[in-house]
file model.cif (mmCIF, C-alpha atoms and all ligand atoms)
data_protein
#
loop_
_atom_site.group_PDB
_atom_site.id
_atom_site.type_symbol
_atom_site.label_atom_id
_atom_site.label_comp_id
_atom_site.auth_asym_id
_atom_site.auth_seq_id
_atom_site.Cartn_x
_atom_site.Cartn_y
_atom_site.Cartn_z
ATOM 1 C CA GLU A 1 0.000 0.000 0.000
ATOM 2 C CA ALA A 2 0.931 3.673 -0.216
ATOM 3 C CA ASP A 3 4.349 4.449 1.181
ATOM 4 C CA PHE A 4 4.291 6.908 4.077
ATOM 5 C CA GLU A 5 6.983 7.991 6.500
ATOM 6 C CA THR A 6 4.913 8.577 9.658
ATOM 7 C CA ILE A 7 1.830 6.368 9.288
ATOM 8 C CA LEU A 8 1.152 2.760 8.316
ATOM 9 C CA THR A 9 -1.899 1.879 6.269
ATOM 10 C CA GLU A 10 -3.575 -1.444 5.721
ATOM 11 C CA THR A 11 -6.964 -2.586 4.450
ATOM 12 C CA ARG A 12 -8.817 -5.666 5.630
ATOM 13 C CA GLY A 13 -11.850 -6.125 3.439
ATOM 14 C CA ALA A 14 -13.907 -2.947 3.669
ATOM 15 C CA VAL A 15 -12.048 -1.699 6.753
ATOM 16 C CA ALA A 16 -8.942 0.466 6.470
ATOM 17 C CA ILE A 17 -6.535 0.816 9.388
ATOM 18 C CA ILE A 18 -4.276 3.834 9.776
ATOM 19 C CA THR A 19 -1.574 3.507 12.438
ATOM 20 C CA LEU A 20 0.310 6.589 13.608
ATOM 21 C CA ASN A 21 3.953 5.578 13.529
ATOM 22 C CA ARG A 22 6.530 7.955 14.998
ATOM 23 C CA PRO A 23 7.529 5.676 17.887
ATOM 24 C CA LYS A 24 10.528 7.764 18.957
ATOM 25 C CA ALA A 25 8.336 10.838 19.490
ATOM 26 C CA LEU A 26 5.314 9.048 20.982
ATOM 27 C CA ASN A 27 3.500 9.788 17.704
ATOM 28 C CA ALA A 28 3.775 13.547 18.164
ATOM 29 C CA LEU A 29 1.746 15.153 15.408
ATOM 30 C CA ASN A 30 4.024 17.150 13.121
ATOM 31 C CA SER A 31 3.221 18.563 9.697
ATOM 32 C CA VAL A 32 4.344 15.378 7.947
ATOM 33 C CA VAL A 33 1.864 13.313 9.998
ATOM 34 C CA MET A 34 -0.852 15.819 9.145
ATOM 35 C CA THR A 35 -0.099 15.736 5.428
ATOM 36 C CA GLU A 36 0.148 11.951 5.312
ATOM 37 C CA LEU A 37 -2.883 11.210 7.477
ATOM 38 C CA THR A 38 -5.120 13.616 5.584
ATOM 39 C CA ALA A 39 -3.844 12.246 2.239
ATOM 40 C CA ALA A 40 -4.632 8.695 3.355
ATOM 41 C CA LEU A 41 -8.095 9.713 4.555
ATOM 42 C CA SER A 42 -8.828 11.606 1.362
ATOM 43 C CA ALA A 43 -7.934 8.506 -0.669
ATOM 44 C CA TYR A 44 -10.147 6.315 1.557
ATOM 45 C CA ASP A 45 -13.045 8.751 1.200
ATOM 46 C CA LYS A 46 -12.832 8.305 -2.580
ATOM 47 C CA ASP A 47 -12.154 4.553 -2.508
ATOM 48 C CA GLU A 48 -15.471 2.727 -2.896
ATOM 49 C CA SER A 49 -14.025 -0.489 -1.507
ATOM 50 C CA VAL A 50 -13.429 1.180 1.889
ATOM 51 C CA ALA A 51 -16.443 1.586 4.197
ATOM 52 C CA VAL A 52 -14.931 2.400 7.598
ATOM 53 C CA VAL A 53 -11.548 3.554 8.890
ATOM 54 C CA VAL A 54 -9.919 2.747 12.224
ATOM 55 C CA LEU A 55 -7.255 5.207 13.410
ATOM 56 C CA THR A 56 -4.837 3.965 16.037
ATOM 57 C CA GLY A 57 -1.378 4.541 17.493
ATOM 58 C CA SER A 58 0.994 2.350 19.474
ATOM 59 C CA GLU A 59 0.484 0.553 22.754
ATOM 60 C CA LYS A 60 2.312 3.374 24.565
ATOM 61 C CA ALA A 61 0.781 6.344 22.762
ATOM 62 C CA PHE A 62 -2.068 7.143 20.457
ATOM 63 C CA ALA A 63 -0.343 10.534 20.164
ATOM 64 C CA ALA A 64 1.379 12.688 22.789
ATOM 65 C CA GLY A 65 0.250 15.914 21.171
ATOM 66 C CA ALA A 66 1.250 18.342 18.502
ATOM 67 C CA ASP A 67 5.008 18.281 17.930
ATOM 68 C CA ILE A 68 6.391 20.687 20.517
ATOM 69 C CA LYS A 69 9.785 20.808 18.812
ATOM 70 C CA GLU A 70 8.136 21.947 15.583
ATOM 71 C CA MET A 71 6.148 24.706 17.346
ATOM 72 C CA GLN A 72 8.757 25.897 19.829
ATOM 73 C CA SER A 73 10.294 28.716 17.797
ATOM 74 C CA LEU A 74 7.159 30.070 16.110
ATOM 75 C CA ASP A 75 6.073 33.619 16.836
ATOM 76 C CA PHE A 76 2.507 34.865 16.567
ATOM 77 C CA VAL A 77 2.802 35.921 12.946
ATOM 78 C CA ASP A 78 4.290 32.535 11.984
ATOM 79 C CA ALA A 79 1.473 30.751 13.794
ATOM 80 C CA TYR A 80 -1.197 33.044 12.387
ATOM 81 C CA LEU A 81 -0.073 33.293 8.769
ATOM 82 C CA GLY A 82 1.141 29.684 8.655
ATOM 83 C CA ASP A 83 -2.107 28.496 10.269
ATOM 84 C CA PHE A 84 -0.322 25.176 10.699
ATOM 85 C CA ILE A 85 -3.201 23.514 12.558
ATOM 86 C CA SER A 86 -5.918 24.089 9.976
ATOM 87 C CA GLY A 87 -4.989 21.103 7.823
ATOM 88 C CA TRP A 88 -6.283 18.830 10.580
ATOM 89 C CA ASP A 89 -9.824 20.023 9.848
ATOM 90 C CA ALA A 90 -9.844 17.479 7.017
ATOM 91 C CA VAL A 91 -9.993 14.691 9.627
ATOM 92 C CA ALA A 92 -13.203 16.087 11.093
ATOM 93 C CA SER A 93 -14.752 16.411 7.651
ATOM 94 C CA PHE A 94 -13.935 12.819 6.616
ATOM 95 C CA ARG A 95 -17.311 11.468 5.460
ATOM 96 C CA LYS A 96 -17.073 7.773 6.310
ATOM 97 C CA PRO A 97 -17.260 6.338 9.829
ATOM 98 C CA LEU A 98 -13.914 6.863 11.579
ATOM 99 C CA ILE A 99 -13.167 5.018 14.819
ATOM 100 C CA ALA A 100 -10.285 5.958 17.135
ATOM 101 C CA ALA A 101 -8.672 2.994 18.906
ATOM 102 C CA VAL A 102 -6.683 4.581 21.720
ATOM 103 C CA SER A 103 -4.026 2.963 23.887
ATOM 104 C CA GLY A 104 -1.631 4.905 26.129
ATOM 105 C CA PHE A 105 -1.251 8.673 25.855
ATOM 106 C CA ALA A 106 -3.794 10.772 23.956
ATOM 107 C CA LEU A 107 -2.624 14.213 24.991
ATOM 108 C CA GLY A 108 -3.096 17.677 23.554
ATOM 109 C CA GLY A 109 -3.440 17.319 19.799
ATOM 110 C CA GLY A 110 -3.610 13.529 20.334
ATOM 111 C CA CYS A 111 -6.741 13.863 22.447
ATOM 112 C CA GLU A 112 -8.080 16.381 19.948
ATOM 113 C CA LEU A 113 -7.382 14.059 17.007
ATOM 114 C CA ALA A 114 -9.188 11.215 18.782
ATOM 115 C CA MET A 115 -12.138 13.548 19.369
ATOM 116 C CA MET A 116 -12.289 14.360 15.631
ATOM 117 C CA CYS A 117 -13.106 10.674 15.108
ATOM 118 C CA ASP A 118 -16.732 9.508 15.374
ATOM 119 C CA PHE A 119 -16.165 7.548 18.551
ATOM 120 C CA ILE A 120 -13.288 6.433 20.713
ATOM 121 C CA ILE A 121 -12.675 2.893 21.894
ATOM 122 C CA ALA A 122 -10.025 2.984 24.598
ATOM 123 C CA SER A 123 -7.773 0.386 26.147
ATOM 124 C CA ASP A 124 -7.599 0.300 29.935
ATOM 125 C CA THR A 125 -4.139 1.904 29.657
ATOM 126 C CA ALA A 126 -5.436 5.004 27.860
ATOM 127 C CA LYS A 127 -4.751 8.445 29.303
ATOM 128 C CA PHE A 128 -6.443 11.530 27.936
ATOM 129 C CA GLY A 129 -5.470 15.107 28.649
ATOM 130 C CA GLN A 130 -5.108 18.651 27.375
ATOM 131 C CA PRO A 131 -1.753 19.645 28.920
ATOM 132 C CA GLU A 132 -1.193 22.679 26.655
ATOM 133 C CA ILE A 133 -1.510 25.020 29.646
ATOM 134 C CA THR A 134 1.696 23.525 31.074
ATOM 135 C CA LEU A 135 3.479 24.784 27.923
ATOM 136 C CA GLY A 136 2.024 28.268 28.106
ATOM 137 C CA VAL A 137 -0.591 27.742 25.403
ATOM 138 C CA ILE A 138 -4.110 26.315 25.149
ATOM 139 C CA PRO A 139 -5.630 23.536 23.017
ATOM 140 C CA GLY A 140 -5.428 24.486 19.338
ATOM 141 C CA MET A 141 -6.939 21.542 17.470
ATOM 142 C CA GLY A 142 -10.428 21.783 18.944
ATOM 143 C CA GLY A 143 -9.928 20.676 22.554
ATOM 144 C CA SER A 144 -11.647 23.590 24.224
ATOM 145 C CA GLN A 145 -14.712 23.012 22.033
ATOM 146 C CA ARG A 146 -14.932 19.258 21.409
ATOM 147 C CA LEU A 147 -13.909 18.241 24.940
ATOM 148 C CA THR A 148 -16.482 20.607 26.409
ATOM 149 C CA ARG A 149 -19.207 19.176 24.184
ATOM 150 C CA ALA A 150 -18.090 15.637 25.062
ATOM 151 C CA VAL A 151 -17.733 15.896 28.839
ATOM 152 C CA GLY A 152 -19.415 19.150 29.865
ATOM 153 C CA LYS A 153 -18.032 22.361 31.301
ATOM 154 C CA ALA A 154 -16.940 21.160 34.749
ATOM 155 C CA LYS A 155 -14.615 18.426 33.568
ATOM 156 C CA ALA A 156 -13.454 20.287 30.464
ATOM 157 C CA MET A 157 -12.431 23.301 32.569
ATOM 158 C CA ASP A 158 -10.695 20.997 35.063
ATOM 159 C CA MET A 159 -8.738 19.265 32.271
ATOM 160 C CA VAL A 160 -7.859 22.397 30.293
ATOM 161 C CA LEU A 161 -6.909 24.525 33.319
ATOM 162 C CA THR A 162 -4.979 21.939 35.344
ATOM 163 C CA GLY A 163 -3.541 19.959 32.408
ATOM 164 C CA ARG A 164 -4.117 16.722 34.340
ATOM 165 C CA MET A 165 -4.747 13.373 32.684
ATOM 166 C CA MET A 166 -7.905 11.244 32.896
ATOM 167 C CA ASP A 167 -7.512 7.490 32.967
ATOM 168 C CA ALA A 168 -9.692 5.201 30.866
ATOM 169 C CA ALA A 169 -12.312 4.625 33.552
ATOM 170 C CA GLU A 170 -12.801 8.338 34.194
ATOM 171 C CA SER A 171 -12.898 9.002 30.441
ATOM 172 C CA GLU A 172 -15.652 6.442 30.006
ATOM 173 C CA ARG A 173 -17.653 7.795 32.964
ATOM 174 C CA ALA A 174 -17.331 11.281 31.530
ATOM 175 C CA GLY A 175 -18.593 10.192 28.113
ATOM 176 C CA LEU A 176 -15.370 10.913 26.234
ATOM 177 C CA VAL A 177 -14.948 7.291 25.156
ATOM 178 C CA SER A 178 -17.674 4.856 24.170
ATOM 179 C CA ARG A 179 -16.039 1.654 25.477
ATOM 180 C CA VAL A 180 -13.009 0.559 27.464
ATOM 181 C CA VAL A 181 -11.429 -2.830 26.833
ATOM 182 C CA GLU A 182 -8.324 -4.676 27.957
ATOM 183 C CA ALA A 183 -5.251 -3.448 26.096
ATOM 184 C CA GLU A 184 -4.733 -6.781 24.293
ATOM 185 C CA LYS A 185 -8.275 -6.671 22.963
ATOM 186 C CA LEU A 186 -8.262 -3.069 21.712
ATOM 187 C CA MET A 187 -7.764 -3.727 17.993
ATOM 188 C CA ASP A 188 -10.081 -6.757 17.982
ATOM 189 C CA GLU A 189 -12.823 -4.668 19.540
ATOM 190 C CA ALA A 190 -12.295 -1.696 17.205
ATOM 191 C CA LEU A 191 -12.098 -3.914 14.129
ATOM 192 C CA ALA A 192 -15.228 -5.837 15.143
ATOM 193 C CA ALA A 193 -17.105 -2.542 15.458
ATOM 194 C CA ALA A 194 -15.737 -1.435 12.080
ATOM 195 C CA VAL A 195 -16.702 -4.714 10.381
ATOM 196 C CA LYS A 196 -20.187 -4.460 11.823
ATOM 197 C CA ILE A 197 -20.648 -0.898 10.527
ATOM 198 C CA ALA A 198 -19.116 -1.800 7.150
ATOM 199 C CA ALA A 199 -21.840 -4.429 6.607
ATOM 200 C CA PHE A 200 -24.641 -1.881 6.882
ATOM 201 C CA PRO A 201 -25.883 0.101 3.874
ATOM 202 C CA ARG A 202 -23.211 2.635 3.002
ATOM 203 C CA ALA A 203 -25.522 5.604 2.436
ATOM 204 C CA ALA A 204 -27.295 5.025 5.753
ATOM 205 C CA THR A 205 -24.034 4.896 7.710
ATOM 206 C CA LEU A 206 -22.792 8.156 6.189
ATOM 207 C CA MET A 207 -26.142 9.831 6.786
ATOM 208 C CA ALA A 208 -26.255 8.578 10.376
ATOM 209 C CA LYS A 209 -22.847 10.165 10.967
ATOM 210 C CA GLU A 210 -23.960 13.376 9.292
ATOM 211 C CA ALA A 211 -27.131 13.514 11.390
ATOM 212 C CA VAL A 212 -25.352 13.013 14.720
ATOM 213 C CA ASN A 213 -22.715 15.590 13.791
ATOM 214 C CA ARG A 214 -25.482 18.008 12.869
ATOM 215 C CA SER A 215 -26.512 18.110 16.517
ATOM 216 C CA PHE A 216 -23.293 20.010 17.277
ATOM 217 C CA GLU A 217 -23.992 22.685 14.678
ATOM 218 C CA ALA A 218 -27.738 23.225 14.684
ATOM 219 C CA THR A 219 -30.532 24.231 17.033
ATOM 220 C CA LEU A 220 -32.731 21.342 18.186
ATOM 221 C CA SER A 221 -35.523 22.187 15.765
ATOM 222 C CA GLU A 222 -33.099 22.553 12.825
ATOM 223 C CA GLY A 223 -31.350 19.341 13.782
ATOM 224 C CA LEU A 224 -34.623 17.455 14.072
ATOM 225 C CA ARG A 225 -35.746 18.793 10.686
ATOM 226 C CA PHE A 226 -32.439 17.687 9.140
ATOM 227 C CA GLU A 227 -32.785 14.242 10.716
ATOM 228 C CA ARG A 228 -36.380 13.847 9.528
ATOM 229 C CA ARG A 229 -35.518 14.767 5.938
ATOM 230 C CA VAL A 230 -32.504 12.460 5.844
ATOM 231 C CA PHE A 231 -34.557 9.641 7.395
ATOM 232 C CA GLN A 232 -37.221 10.163 4.736
ATOM 233 C CA SER A 233 -34.619 10.224 1.960
ATOM 234 C CA LEU A 234 -33.419 6.743 2.886
ATOM 235 C CA PHE A 235 -36.803 5.409 1.745
ATOM 236 C CA ALA A 236 -35.531 6.127 -1.778
ATOM 237 C CA THR A 237 -32.858 3.428 -1.365
ATOM 238 C CA ALA A 238 -33.028 -0.209 -2.421
ATOM 239 C CA ASP A 239 -31.380 -1.120 0.865
ATOM 240 C CA GLN A 240 -34.336 0.222 2.872
ATOM 241 C CA LYS A 241 -36.625 -2.086 0.893
ATOM 242 C CA GLU A 242 -34.217 -4.980 1.365
ATOM 243 C CA GLY A 243 -33.595 -4.327 5.076
ATOM 244 C CA MET A 244 -37.264 -4.122 5.955
ATOM 245 C CA ALA A 245 -38.282 -7.032 3.669
ATOM 246 C CA ALA A 246 -35.585 -9.213 5.242
ATOM 247 C CA PHE A 247 -36.864 -8.401 8.726
ATOM 248 C CA VAL A 248 -40.467 -9.227 7.797
ATOM 249 C CA GLU A 249 -39.410 -12.438 6.010
ATOM 250 C CA LYS A 250 -37.169 -13.426 8.960
ATOM 251 C CA ARG A 251 -34.001 -13.711 6.838
ATOM 252 C CA LYS A 252 -30.650 -11.956 6.629
ATOM 253 C CA PRO A 253 -30.624 -8.843 4.409
ATOM 254 C CA ALA A 254 -28.469 -8.789 1.284
ATOM 255 C CA PHE A 255 -27.565 -5.130 1.011
ATOM 256 C CA SER A 256 -26.399 -3.709 -2.309
ATOM 257 C CA ASN A 257 -25.293 -0.227 -1.198
ATOM 258 C CA ARG A 258 -27.900 1.201 -3.544
HETATM 259 N N1 LIG B 1 6.166 16.800 20.811
HETATM 260 C C1 LIG B 1 7.424 16.451 20.481
HETATM 261 N N2 LIG B 1 8.085 15.421 21.028
HETATM 262 C C2 LIG B 1 7.427 14.703 21.973
HETATM 263 C C3 LIG B 1 6.122 15.005 22.370
HETATM 264 C C4 LIG B 1 5.485 16.113 21.740
HETATM 265 N N3 LIG B 1 4.226 16.457 22.006
HETATM 266 N N4 LIG B 1 5.749 14.128 23.325
HETATM 267 C C5 LIG B 1 6.793 13.299 23.514
HETATM 268 N N5 LIG B 1 7.806 13.646 22.698
HETATM 269 C C6 LIG B 1 9.128 13.012 22.583
HETATM 270 C C7 LIG B 1 10.033 13.389 23.760
HETATM 271 O O1 LIG B 1 10.610 14.633 23.518
HETATM 272 C C8 LIG B 1 11.000 12.252 23.753
HETATM 273 O O2 LIG B 1 11.941 12.482 22.742
HETATM 274 P P1 LIG B 1 13.532 12.297 23.041
HETATM 275 O O3 LIG B 1 13.669 10.828 23.323
HETATM 276 O O4 LIG B 1 14.158 12.743 21.774
HETATM 277 O O5 LIG B 1 13.832 13.143 24.221
HETATM 278 C C9 LIG B 1 10.150 11.052 23.323
HETATM 279 O O6 LIG B 1 9.008 11.601 22.674
HETATM 280 C C10 LIG B 1 9.665 10.195 24.477
HETATM 281 O O7 LIG B 1 8.996 11.052 25.404
HETATM 282 P P2 LIG B 1 9.364 11.081 26.985
HETATM 283 O O8 LIG B 1 10.781 10.736 27.190
HETATM 284 O O9 LIG B 1 8.882 12.393 27.521
HETATM 285 O O10 LIG B 1 8.429 9.876 27.485
HETATM 286 P P3 LIG B 1 7.807 9.674 28.952
HETATM 287 O O11 LIG B 1 7.247 8.298 28.930
HETATM 288 O O12 LIG B 1 8.802 10.061 29.984
HETATM 289 O O13 LIG B 1 6.635 10.754 29.058
HETATM 290 C C11 LIG B 1 4.666 11.949 28.246
HETATM 291 C C12 LIG B 1 5.481 10.627 28.237
HETATM 292 C C13 LIG B 1 4.085 12.201 29.634
HETATM 293 C C14 LIG B 1 3.564 11.772 27.226
HETATM 294 C C15 LIG B 1 5.599 13.113 27.862
HETATM 295 O O14 LIG B 1 6.279 12.762 26.657
HETATM 296 C C16 LIG B 1 4.892 14.413 27.592
HETATM 297 O O15 LIG B 1 4.483 15.087 28.523
HETATM 298 N N6 LIG B 1 4.726 14.806 26.300
HETATM 299 C C17 LIG B 1 4.163 16.060 25.925
HETATM 300 C C18 LIG B 1 2.650 16.093 26.120
HETATM 301 C C19 LIG B 1 2.115 17.443 25.752
HETATM 302 O O16 LIG B 1 2.384 18.458 26.354
HETATM 303 N N7 LIG B 1 1.260 17.485 24.679
HETATM 304 C C20 LIG B 1 0.637 18.697 24.228
HETATM 305 C C21 LIG B 1 1.424 19.244 23.102
HETATM 306 S S1 LIG B 1 0.842 20.861 22.623
HETATM 307 C C22 LIG B 1 -0.478 20.584 21.600
HETATM 308 O O17 LIG B 1 -0.903 19.473 21.379
HETATM 309 C C23 LIG B 1 -1.072 21.830 20.999
HETATM 310 C C24 LIG B 1 -2.395 21.616 20.349
HETATM 311 O O18 LIG B 1 -3.436 21.513 20.982
HETATM 312 C C25 LIG B 1 -2.500 21.630 18.921
#

call {"tool": "encode", "arguments": {"input": "model.cif", "output": "structure tokens", "more": "lines below"}}
Ligand code: CAA
result
Amino acid sequence: EADFETILTETRGAVAIITLNRPKALNALNSVVMTELTAALSAYDKDESVAVVVLTGSEKAFAAGADIKEMQSLDFVDAYLGDFISGWDAVASFRKPLIAAVSGFALGGGCELAMMCDFIIASDTAKFGQPEITLGVIPGMGGSQRLTRAVGKAKAMDMVLTGRMMDAAESERAGLVSRVVEAEKLMDEALAAAVKIAAFPRAATLMAKEAVNRSFEATLSEGLRFERRVFQSLFATADQKEGMAAFVEKRKPAFSNR
């Protein structure tokens, strides 16, 4: 598969796996990682054979943040004109289901990258945090916004102001992660979820993602209207006919992604 310097890519059937791979820097997110990860995602968005992507890191670190060595010498004008973070927005606008499988450190930009995914499955060794304050800055890849929406003001303020880490159990209680599993079972669990999603009608999975994400952008009435219209539109698909016929006839559906 495509040759990258800082990520590994692999496809298993309709599931693609992207592994962050800068082991010596605990997968710190530099501009090469950003360019390569967003290129890989863009290719998977276009590739009809890929239904779902799992994004993971190493056992020790999903990612320990944006690359501090790369940012260290920037001044305001460099940061502002260079806008070096904005490329990461492409991860949040990836259209297909994207699952983060997190083991070890997910700090700063690492926590923020995981939160750009649709949901996070964590190993019991996972540690989440927004330690930017300890460096004299604040989260810059969405942490102050996505963490607050995920866990509420009290915990988000605690995390962002103290820079402390949450362990997996606290992260699950707070609603940041959807499941916690033993470290050895992390990839099995994430891949099983991905395989399950990949078997469902493609259009419905993308629309489901779009509808949930809409709740972060719209008022309740706008969001409900969007959901209703998208729900109604799925009745134009062959897979709605097949899914409902299969239920009534007590058989397995044979979806066609049409
Ligand atoms: N950037 C660059 N290099 C990093 C890094 C980062 N974010 N995190 C770790 N590394 C490097 C270390 O410099 C070290 O490299 P050397 O061997 O060359 O010295 C290597 O990875 C291993 O790290 P440690 O020796 O520190 O490993 P540890 O097990 O003792 O500690 C850790 C692990 C607690 C995660 C610690 O590495 C750490 O605190 N990392 C920084 C976490 C952080 O502050 N992240 C926020 C970054 S700012 C940000 O993300 C901004 C944003 O919102 C966009």

call {"tool": "closest_residue", "arguments": {"input": "model.cif", "among": "A:Glu132, A:Asp124, A:Glu36, A:Asp47", "to": "A:Trp88", "atoms": "all atoms listed in the file"}}
result
A:Glu36

call {"tool": "residues_near_ligand", "arguments": {"input": "model.cif", "ligand": "ligand LIG 1 (chain B)", "cutoff": "9 Å", "atoms": "only C-alpha atoms and all ligand atoms", "output": "PyMOL selection string"}}
result
chain A and resi 22-30+60-61+63-71+85+104-112+129-135+137-143+163

call {"tool": "resolve_selection", "arguments": {"input": "model.cif", "expression": "the PyMOL selection byres (((chain A and resi 176) around 8) and not hetatm)", "output": "count of residues only"}}
result
11

call {"tool": "atom_distance", "arguments": {"input": "model.cif", "atom1": "atom CA of A:Val53", "atom2": "atom CA of A:Ile99"}}
result
6.3 Å

call {"tool": "atom_distance", "arguments": {"input": "model.cif", "atom1": "atom CA of A:Arg146", "atom2": "atom CA of A:Leu37"}}
result
20.1 Å

call {"tool": "atom_distance", "arguments": {"input": "model.cif", "atom1": "atom CA of A:Ala101", "atom2": "atom CA of A:Ala39"}}
result
19.7 Å
